[in-house]
Amino acid sequence: MASNSDSIYYVLTHMHAHPAMITAEPIKYTNVITMSIPDTVKVADADIYFPDQKLMVNRLSPDFVAKNGKLLDHFYSLTAQEIPNYHDVWVTTSHIVNKNAYMVELSYE
């Protein structure tokens, strides 16, 4: 997966703009947020970025993090993290077929 994918950017932007669509999982780790949106949201190359019942894990490139800092900061603010910043962001994605949802997990390090 390209770590600066337009598809990942689109999904994160869509989630930010439409928070009512998000189903958030309870926080298990202070630096991680796990969310999902309905799989009816049109995503380019969904079969690549949201594989059925499999996890796709990728470290977002430093360029992606720098370019989209405000967007990533928004989701960081939803974690239970007490450290005021992060250096790396990992994104895990999947299509959870039985829930008709696209799962996005952001891990901040």
# chains A, B, ... in the order shown; residues from 1 in each chain; ligands from 1
>>> select_by_dssp(residues="chain A", states="alpha helix (DSSP H)", output="PDB file with C-alpha atoms, in the first residue's frame")
ATOM      1  CA  ASP A   6      -5.365   9.202  -1.735  1.00  0.00           C
ATOM      2  CA  SER A   7      -7.806   6.508  -0.607  1.00  0.00           C
ATOM      3  CA  ILE A   8      -6.592   6.617   2.996  1.00  0.00           C
ATOM      4  CA  TYR A   9      -6.633  10.412   2.937  1.00  0.00           C
ATOM      5  CA  TYR A  10     -10.187  10.363   1.556  1.00  0.00           C
ATOM      6  CA  VAL A  11     -11.443   7.978   4.251  1.00  0.00           C
ATOM      7  CA  LEU A  12      -9.838   9.958   7.073  1.00  0.00           C
ATOM      8  CA  THR A  13     -11.188  13.221   5.667  1.00  0.00           C
ATOM      9  CA  HIS A  14     -14.648  11.669   5.263  1.00  0.00           C
ATOM     10  CA  MET A  15     -14.561  10.428   8.858  1.00  0.00           C
ATOM     11  CA  HIS A  16     -13.515  13.866  10.083  1.00  0.00           C
ATOM     12  CA  ALA A  17     -16.289  15.582   8.115  1.00  0.00           C
ATOM     13  CA  ALA A  46     -11.182  -0.528  -1.677  1.00  0.00           C
ATOM     14  CA  ASP A  47     -10.156  -4.103  -2.516  1.00  0.00           C
ATOM     15  CA  ILE A  48      -6.510  -3.063  -2.104  1.00  0.00           C
ATOM     16  CA  TYR A  49      -6.774  -0.755   0.900  1.00  0.00           C
ATOM     17  CA  PRO A  62       6.782  11.343   6.909  1.00  0.00           C
ATOM     18  CA  ASP A  63       5.578  13.469   3.964  1.00  0.00           C
ATOM     19  CA  PHE A  64       1.978  12.290   4.462  1.00  0.00           C
ATOM     20  CA  VAL A  65       2.182  13.006   8.204  1.00  0.00           C
ATOM     21  CA  ALA A  66       3.649  16.468   7.613  1.00  0.00           C
ATOM     22  CA  LYS A  67       1.164  17.359   4.877  1.00  0.00           C
ATOM     23  CA  GLY A  69      -0.843  17.020  10.357  1.00  0.00           C
ATOM     24  CA  LYS A  70      -4.069  18.829  11.262  1.00  0.00           C
ATOM     25  CA  LEU A  71      -6.174  15.852  10.174  1.00  0.00           C
ATOM     26  CA  LEU A  72      -3.986  13.362  12.033  1.00  0.00           C
ATOM     27  CA  ASP A  73      -3.897  15.653  15.093  1.00  0.00           C
ATOM     28  CA  HIS A  74      -7.697  15.543  15.184  1.00  0.00           C
ATOM     29  CA  PHE A  75      -7.705  11.752  15.508  1.00  0.00           C
ATOM     30  CA  TYR A  76      -4.746  11.863  17.919  1.00  0.00           C
TER      31      TYR A  76
END
>>> residues_around(residues="A:Thr93", least_positions_apart="4", cutoff="10 Å", atoms="only C-alpha atoms", output="CSV table (one decimal) with N, CA and C atoms, in the first residue's frame")
chain,number,residue,atom,x,y,z
A,8,ILE,N,-6.7,6.5,1.5
A,8,ILE,CA,-6.6,6.6,3.0
A,8,ILE,C,-6.9,8.1,3.4
A,34,THR,N,-9.4,3.0,17.1
A,34,THR,CA,-9.9,2.1,16.2
A,34,THR,C,-11.4,2.5,15.9
A,35,MET,N,-11.6,2.7,14.6
A,35,MET,CA,-12.9,3.2,14.1
A,35,MET,C,-13.4,2.5,12.9
A,36,SER,N,-14.6,2.6,12.6
A,36,SER,CA,-15.1,2.0,11.3
A,36,SER,C,-16.2,2.9,10.8
A,48,ILE,N,-7.9,-3.1,-2.5
A,48,ILE,CA,-6.5,-3.1,-2.1
A,48,ILE,C,-6.3,-2.5,-0.7
A,49,TYR,N,-7.0,-1.4,-0.4
A,49,TYR,CA,-6.8,-0.8,0.9
A,49,TYR,C,-7.6,-1.3,2.0
A,50,PHE,N,-8.7,-2.0,1.7
A,50,PHE,CA,-9.6,-2.6,2.7
A,50,PHE,C,-9.9,-4.0,2.3
A,51,PRO,N,-8.9,-4.9,2.4
A,51,PRO,CA,-9.1,-6.3,2.0
A,51,PRO,C,-10.1,-7.0,2.9
A,52,ASP,N,-10.9,-7.9,2.3
A,52,ASP,CA,-11.9,-8.6,3.1
A,52,ASP,C,-11.3,-9.5,4.2
A,53,GLN,N,-11.7,-9.2,5.4
A,53,GLN,CA,-11.3,-10.1,6.5
A,53,GLN,C,-9.8,-10.3,6.7
A,54,LYS,N,-9.0,-9.3,6.2
A,54,LYS,CA,-7.6,-9.3,6.4
A,54,LYS,C,-7.1,-7.9,6.8
A,55,LEU,N,-6.0,-7.9,7.5
A,55,LEU,CA,-5.5,-6.6,7.9
A,55,LEU,C,-4.4,-6.1,6.9
A,56,MET,N,-4.4,-4.8,6.6
A,56,MET,CA,-3.4,-4.2,5.8
A,56,MET,C,-2.8,-3.2,6.7
A,57,VAL,N,-1.5,-3.3,7.0
A,57,VAL,CA,-0.8,-2.4,7.9
A,57,VAL,C,0.3,-1.7,7.2
A,58,ASN,N,0.4,-0.4,7.4
A,58,ASN,CA,1.4,0.4,6.8
A,58,ASN,C,1.7,1.7,7.6
A,102,TYR,N,-15.8,-0.6,7.0
A,102,TYR,CA,-14.4,-0.5,6.7
A,102,TYR,C,-13.8,0.0,8.0
A,103,MET,N,-12.8,-0.8,8.5
A,103,MET,CA,-12.1,-0.5,9.8
A,103,MET,C,-10.8,0.3,9.5
A,104,VAL,N,-10.6,1.3,10.3
A,104,VAL,CA,-9.4,2.1,10.2
A,104,VAL,C,-8.9,2.2,11.7
A,105,GLU,N,-7.6,1.8,11.8
A,105,GLU,CA,-7.0,1.9,13.1
A,105,GLU,C,-5.7,2.8,13.0
A,106,LEU,N,-5.6,3.8,13.7
A,106,LEU,CA,-4.4,4.7,13.7
A,106,LEU,C,-3.6,4.5,15.0
>>> atom_distance(atom1="atom CA of A:Met21", atom2="atom CA of A:Lys99")
13.7 Å
>>> atom_distance(atom1="atom CA of A:His18", atom2="atom CA of A:Lys42")
13.9 Å
>>> closest_residue(among="A:Val91, A:Ala101, A:Ile83, A:Val43", to="A:Thr30", atoms="only C-alpha atoms")
A:Ile83
>>> closest_residue(among="A:Asn98, A:Ala80, A:Val89, A:Lys28", to="A:Asn68", atoms="only C-alpha atoms")
A:Val89
>>> select_by_dssp(residues="stretch 36-105 of chain A", states="strand (DSSP E)", output="list in words")
Ser36, Ile37, Pro38, Met56, Val57, Asn58, Arg59, Val89, Trp90, Val91, Thr92, Thr93, Ser94, His95, Ile96, Ala101, Tyr102, Met103, Val104 and Glu105 of chain A
>>> closest_residue(among="A:Leu60, A:Ala20, A:Val97, A:Ile27", to="A:Leu78", atoms="only C-alpha atoms")
A:Ile27
>>> atom_distance(atom1="atom CA of A:Tyr86", atom2="atom CA of A:Thr23")
23.9 Å
>>> residues_around(residues="A:Asn31", least_positions_apart="5", cutoff="6 Å", atoms="only C-alpha atoms", output="ChimeraX atom specification")
/A:79,81,107-108
>>> closest_residue(among="A:Tyr29, A:Pro19, A:Pro38, A:Ser61", to="A:Ser94", atoms="only C-alpha atoms")
A:Pro38
